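Report on one structure; see the data block that follows.
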Amino acid sequence: MAQQNLASKFAMALLLAVVASVSKSVEAIGVSYGMSGDNLPPPSTVIGMYKANGINAMRLYAPDQGALQAVGGTGISVVVGVPNDVVPTIAASPAAAASWVRNNIQAYPTVSFHYVSVGNELDGGAAQNLVPAMENMYAALDAAGLGNIKVTTAVSQAILGVYSPPSAGEFTAEAQGFMGPVLAFLARTGGPLMADIYPYFSYAYNPSAMDISYALFTAPGTVLQDGDFGYQNLYDTTVDAFIVAMGNHGGAGVPLVVSESGWPSAGGVAASPENARIYNQNLVNHVARGTPRHPGALETFLFSMFNENLKEDGVEKNWGLFYPDTTPVYPISF
């Protein structure tokens with residue numbers, strides 16, 4: 001009987017481990033919901049598409065009322081952005097931060113907010129507002145009893161001055177000026193750093209510098225050996241370079257969330273539905289494993305839900321998983 005109970009407990013523990021593993025895998029991938037189009041479906045339809053496709057996390061670049069009303073009660077995890085043009089106001093005024101939280105977070109009590117991202121790819125002089133705005137937003141959420149919602153910001157991969165090999169990862173001189181204070185804030189408050197990471201741009205900038213398989217997750221073996229770590233794809237290389245650079249500036253314990261990644265289906269070098277399908281499907285399949293230096297699920301958002309016709313010509317209009325009429329640009333499974 002004791003042996004039977006032990007076996008039962010072992011089986012239950014194994015089942016729970018499998019469930020936990022599946023849960024982490026499912027939660028590791030989301031999709032950004034960009035709205036730079038004049039022909040996009042209504043938010044209620046979009047949220048239905050998230051649910052139908054098993055997409056359990058969504059990034060919004062601004063607190064769109066229709067989207068927040070539609071996503072309420074669904075359990076879909078939401079990252080909501082403070083737009084760049086609002087950041088200076090939030091930085092200058094705790095009262096403005098409190099008002100923003102009332103109007104855009106507390107007003108939607110059935111939404112599963114996960115992060116508030118203060119700004120998107122801010123740099124240069126505008127970056128001086130980041131930490132003051134993040135501090136005010138953090139205080140406003142805490143005062144509202146919403147301290148479980150972490151405050152973060154999203155940075156561009158362009159702030160990496162060195163990304164290969166990852167062990168030499170480092171921010172540009174300009175980025176070092178603002179990343180230290182940002183990482184100090186995140187280390188203190190428990191928030192992650194969000195980073196927009198695009199192997200596509202690294203490849204398209206100089207296609208002769210690497211085989212496309214390294215960018216598409218299709219290399220048959222190790223492409224880059226960095227000490228004890230072997231790299232088979234450029235995504236892992238860039239992620240680990242970010243984490244090394246973060247560690248150089250006080251962010252050794254700060255988690256990294258990939259806030260955008262994807263591949264365009266038209267409009268540029270190697271931009272095709274087939275390459276986009278290969279990259280994005282491989283990314284979905286890959287993120288639960290993590291990277292050579294940091295195994296384990298890596299929270300990642302694909303960019304983007306739709307092709308957006310109000311963006312610049314070229315690849316910018318062609319990152320969508322779906323056309324605005326809701327048909328898929330290519331098949332993908334979550």
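So you can find residues: chains in the structure tokens are A, B, ... in the order shown, residues in each start at 1, and ligands are numbered from 1 in order.
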**Request:** Extract, using only C-alpha atoms, all DNA, RNA and protein residues at most 9 Å from A:Leu224, discarding same-chain residues fewer than 2 positions from it, and format them as a ChimeraX atom specification.
**Result:** /A:164-165,222,226,229-233,237
Excluding same-chain residues fewer than 6 positions from stretch 211-216 of chain A, what lies within 6 Å of it counting only C-alpha atoms, as a CSV table (one decimal) with N, CA and C atoms, in the first residue's frame?
```
chain,number,residue,atom,x,y,z
A,199,PRO,N,16.1,39.6,-35.6
A,199,PRO,CA,17.2,39.0,-36.4
A,199,PRO,C,17.0,39.4,-37.9
A,233,ASN,N,21.2,30.0,-33.6
A,233,ASN,CA,20.3,31.0,-34.2
A,233,ASN,C,20.7,32.4,-33.6
A,234,LEU,N,20.3,33.4,-34.5
A,234,LEU,CA,20.7,34.8,-34.1
A,234,LEU,C,19.8,35.4,-33.0
A,279,TYR,N,10.2,31.7,-39.8
A,279,TYR,CA,10.8,32.4,-38.6
A,279,TYR,C,9.8,32.3,-37.4
```
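Taking only C-alpha atoms, the non-local environment of stretch 295-299 of chain A within 6 Å (same-chain residues fewer than 2 positions away omitted) comprises Ala28, Ile29, Val257, Val287, Ala288, Arg289, Gly290 and Thr291 of chain A.
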**Asked** Taking only C-alpha atoms into account, which of A:Thr172, A:Thr218, A:Gln225, A:Ser259 comes nearest A:Gly124?
**Response**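 Answer, going by the shortest atom-to-atom distance: A:Thr172.
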I need the residues in stretch 57-208 of chain A that are strand (DSSP E or B) according to DSSP; give them as a PDB file with N, CA and C atoms, in the first residue's frame.
```
ATOM      1  N   ALA A  57      -1.558  36.200 -24.674  1.00  0.00           N
ATOM      2  CA  ALA A  57      -0.972  37.465 -24.219  1.00  0.00           C
ATOM      3  C   ALA A  57      -1.000  38.477 -25.358  1.00  0.00           C
ATOM      4  N   MET A  58      -1.217  39.735 -25.018  1.00  0.00           N
ATOM      5  CA  MET A  58      -1.378  40.796 -26.010  1.00  0.00           C
ATOM      6  C   MET A  58      -0.613  42.032 -25.566  1.00  0.00           C
ATOM      7  N   ARG A  59       0.075  42.649 -26.508  1.00  0.00           N
ATOM      8  CA  ARG A  59       0.720  43.927 -26.228  1.00  0.00           C
ATOM      9  C   ARG A  59      -0.036  45.033 -26.945  1.00  0.00           C
ATOM     10  N   LEU A  60      -0.471  46.040 -26.178  1.00  0.00           N
ATOM     11  CA  LEU A  60      -1.090  47.239 -26.719  1.00  0.00           C
ATOM     12  C   LEU A  60      -0.113  48.399 -26.569  1.00  0.00           C
ATOM     13  N   SER A  77      -3.574  37.940 -21.002  1.00  0.00           N
ATOM     14  CA  SER A  77      -2.635  38.807 -20.292  1.00  0.00           C
ATOM     15  C   SER A  77      -2.308  40.017 -21.165  1.00  0.00           C
ATOM     16  N   VAL A  78      -2.338  41.221 -20.573  1.00  0.00           N
ATOM     17  CA  VAL A  78      -2.215  42.455 -21.358  1.00  0.00           C
ATOM     18  C   VAL A  78      -1.013  43.279 -20.892  1.00  0.00           C
ATOM     19  N   VAL A  79      -0.195  43.664 -21.853  1.00  0.00           N
ATOM     20  CA  VAL A  79       0.824  44.694 -21.659  1.00  0.00           C
ATOM     21  C   VAL A  79       0.276  45.963 -22.288  1.00  0.00           C
ATOM     22  N   VAL A  80       0.160  47.024 -21.521  1.00  0.00           N
ATOM     23  CA  VAL A  80      -0.368  48.276 -22.072  1.00  0.00           C
ATOM     24  C   VAL A  80       0.715  49.334 -22.026  1.00  0.00           C
ATOM     25  N   GLY A  81       0.809  50.104 -23.109  1.00  0.00           N
ATOM     26  CA  GLY A  81       1.864  51.086 -23.224  1.00  0.00           C
ATOM     27  C   GLY A  81       1.432  52.496 -22.859  1.00  0.00           C
ATOM     28  N   VAL A  82       2.366  53.245 -22.282  1.00  0.00           N
ATOM     29  CA  VAL A  82       2.225  54.690 -22.154  1.00  0.00           C
ATOM     30  C   VAL A  82       2.889  55.279 -23.389  1.00  0.00           C
ATOM     31  N   SER A 112      -6.828  41.605 -17.421  1.00  0.00           N
ATOM     32  CA  SER A 112      -5.682  40.988 -16.741  1.00  0.00           C
ATOM     33  C   SER A 112      -4.397  41.725 -17.139  1.00  0.00           C
ATOM     34  N   PHE A 113      -4.201  42.901 -16.550  1.00  0.00           N
ATOM     35  CA  PHE A 113      -2.991  43.671 -16.847  1.00  0.00           C
ATOM     36  C   PHE A 113      -1.772  42.980 -16.244  1.00  0.00           C
ATOM     37  N   HIS A 114      -0.713  42.906 -17.012  1.00  0.00           N
ATOM     38  CA  HIS A 114       0.525  42.251 -16.577  1.00  0.00           C
ATOM     39  C   HIS A 114       1.651  43.274 -16.390  1.00  0.00           C
ATOM     40  N   TYR A 115       1.846  44.102 -17.411  1.00  0.00           N
ATOM     41  CA  TYR A 115       2.862  45.151 -17.352  1.00  0.00           C
ATOM     42  C   TYR A 115       2.295  46.461 -17.879  1.00  0.00           C
ATOM     43  N   VAL A 116       2.829  47.569 -17.365  1.00  0.00           N
ATOM     44  CA  VAL A 116       2.669  48.881 -17.995  1.00  0.00           C
ATOM     45  C   VAL A 116       4.031  49.247 -18.558  1.00  0.00           C
ATOM     46  N   SER A 117       4.084  49.422 -19.877  1.00  0.00           N
ATOM     47  CA  SER A 117       5.340  49.760 -20.541  1.00  0.00           C
ATOM     48  C   SER A 117       5.382  51.264 -20.783  1.00  0.00           C
ATOM     49  N   VAL A 118       6.306  51.924 -20.100  1.00  0.00           N
ATOM     50  CA  VAL A 118       6.427  53.383 -20.195  1.00  0.00           C
ATOM     51  C   VAL A 118       7.331  53.719 -21.378  1.00  0.00           C
ATOM     52  N   GLY A 119       6.710  54.116 -22.487  1.00  0.00           N
ATOM     53  CA  GLY A 119       7.463  54.460 -23.682  1.00  0.00           C
ATOM     54  C   GLY A 119       7.877  53.251 -24.494  1.00  0.00           C
ATOM     55  N   ASN A 120       8.170  53.490 -25.766  1.00  0.00           N
ATOM     56  CA  ASN A 120       8.602  52.445 -26.691  1.00  0.00           C
ATOM     57  C   ASN A 120       9.801  52.940 -27.491  1.00  0.00           C
ATOM     58  N   LYS A 150       3.582  45.187 -13.007  1.00  0.00           N
ATOM     59  CA  LYS A 150       4.953  45.667 -13.043  1.00  0.00           C
ATOM     60  C   LYS A 150       5.129  46.785 -14.072  1.00  0.00           C
ATOM     61  N   VAL A 151       6.001  47.721 -13.744  1.00  0.00           N
ATOM     62  CA  VAL A 151       6.318  48.838 -14.639  1.00  0.00           C
ATOM     63  C   VAL A 151       7.606  48.536 -15.376  1.00  0.00           C
ATOM     64  N   THR A 152       7.617  48.772 -16.671  1.00  0.00           N
ATOM     65  CA  THR A 152       8.777  48.482 -17.498  1.00  0.00           C
ATOM     66  C   THR A 152       8.888  49.522 -18.612  1.00  0.00           C
ATOM     67  N   THR A 153       9.834  49.329 -19.505  1.00  0.00           N
ATOM     68  CA  THR A 153       9.915  50.102 -20.739  1.00  0.00           C
ATOM     69  C   THR A 153      10.440  49.174 -21.815  1.00  0.00           C
ATOM     70  N   ALA A 154      10.175  49.519 -23.075  1.00  0.00           N
ATOM     71  CA  ALA A 154      10.648  48.703 -24.194  1.00  0.00           C
ATOM     72  C   ALA A 154      11.751  49.448 -24.928  1.00  0.00           C
ATOM     73  N   VAL A 155      12.875  48.755 -25.155  1.00  0.00           N
ATOM     74  CA  VAL A 155      14.015  49.364 -25.838  1.00  0.00           C
ATOM     75  C   VAL A 155      14.250  48.665 -27.173  1.00  0.00           C
ATOM     76  N   SER A 156      14.942  49.352 -28.052  1.00  0.00           N
ATOM     77  CA  SER A 156      15.272  48.818 -29.373  1.00  0.00           C
ATOM     78  C   SER A 156      16.559  48.007 -29.315  1.00  0.00           C
ATOM     79  N   LEU A 160      22.118  48.024 -28.614  1.00  0.00           N
ATOM     80  CA  LEU A 160      23.245  47.106 -28.462  1.00  0.00           C
ATOM     81  C   LEU A 160      24.363  47.553 -29.398  1.00  0.00           C
ATOM     82  N   GLY A 161      25.483  47.967 -28.835  1.00  0.00           N
ATOM     83  CA  GLY A 161      26.630  48.323 -29.671  1.00  0.00           C
ATOM     84  C   GLY A 161      27.386  47.090 -30.118  1.00  0.00           C
ATOM     85  N   VAL A 162      27.381  46.039 -29.276  1.00  0.00           N
ATOM     86  CA  VAL A 162      28.037  44.764 -29.586  1.00  0.00           C
ATOM     87  C   VAL A 162      27.067  43.645 -29.229  1.00  0.00           C
ATOM     88  N   GLU A 170      27.284  44.561 -25.214  1.00  0.00           N
ATOM     89  CA  GLU A 170      27.415  45.869 -24.569  1.00  0.00           C
ATOM     90  C   GLU A 170      26.504  46.882 -25.252  1.00  0.00           C
ATOM     91  N   PHE A 171      25.997  47.812 -24.449  1.00  0.00           N
ATOM     92  CA  PHE A 171      25.174  48.890 -24.980  1.00  0.00           C
ATOM     93  C   PHE A 171      26.050  49.936 -25.660  1.00  0.00           C
ATOM     94  N   LEU A 193      13.005  44.135 -18.111  1.00  0.00           N
ATOM     95  CA  LEU A 193      13.280  45.017 -19.246  1.00  0.00           C
ATOM     96  C   LEU A 193      12.651  44.378 -20.472  1.00  0.00           C
ATOM     97  N   MET A 194      11.966  45.181 -21.274  1.00  0.00           N
ATOM     98  CA  MET A 194      11.421  44.697 -22.536  1.00  0.00           C
ATOM     99  C   MET A 194      12.335  45.166 -23.665  1.00  0.00           C
ATOM    100  N   ALA A 195      12.588  44.276 -24.623  1.00  0.00           N
ATOM    101  CA  ALA A 195      13.468  44.603 -25.737  1.00  0.00           C
ATOM    102  C   ALA A 195      12.859  44.105 -27.039  1.00  0.00           C
ATOM    103  N   ASP A 196      12.885  44.966 -28.056  1.00  0.00           N
ATOM    104  CA  ASP A 196      12.423  44.606 -29.399  1.00  0.00           C
ATOM    105  C   ASP A 196      13.604  44.014 -30.159  1.00  0.00           C
TER     106      ASP A 196
END
```
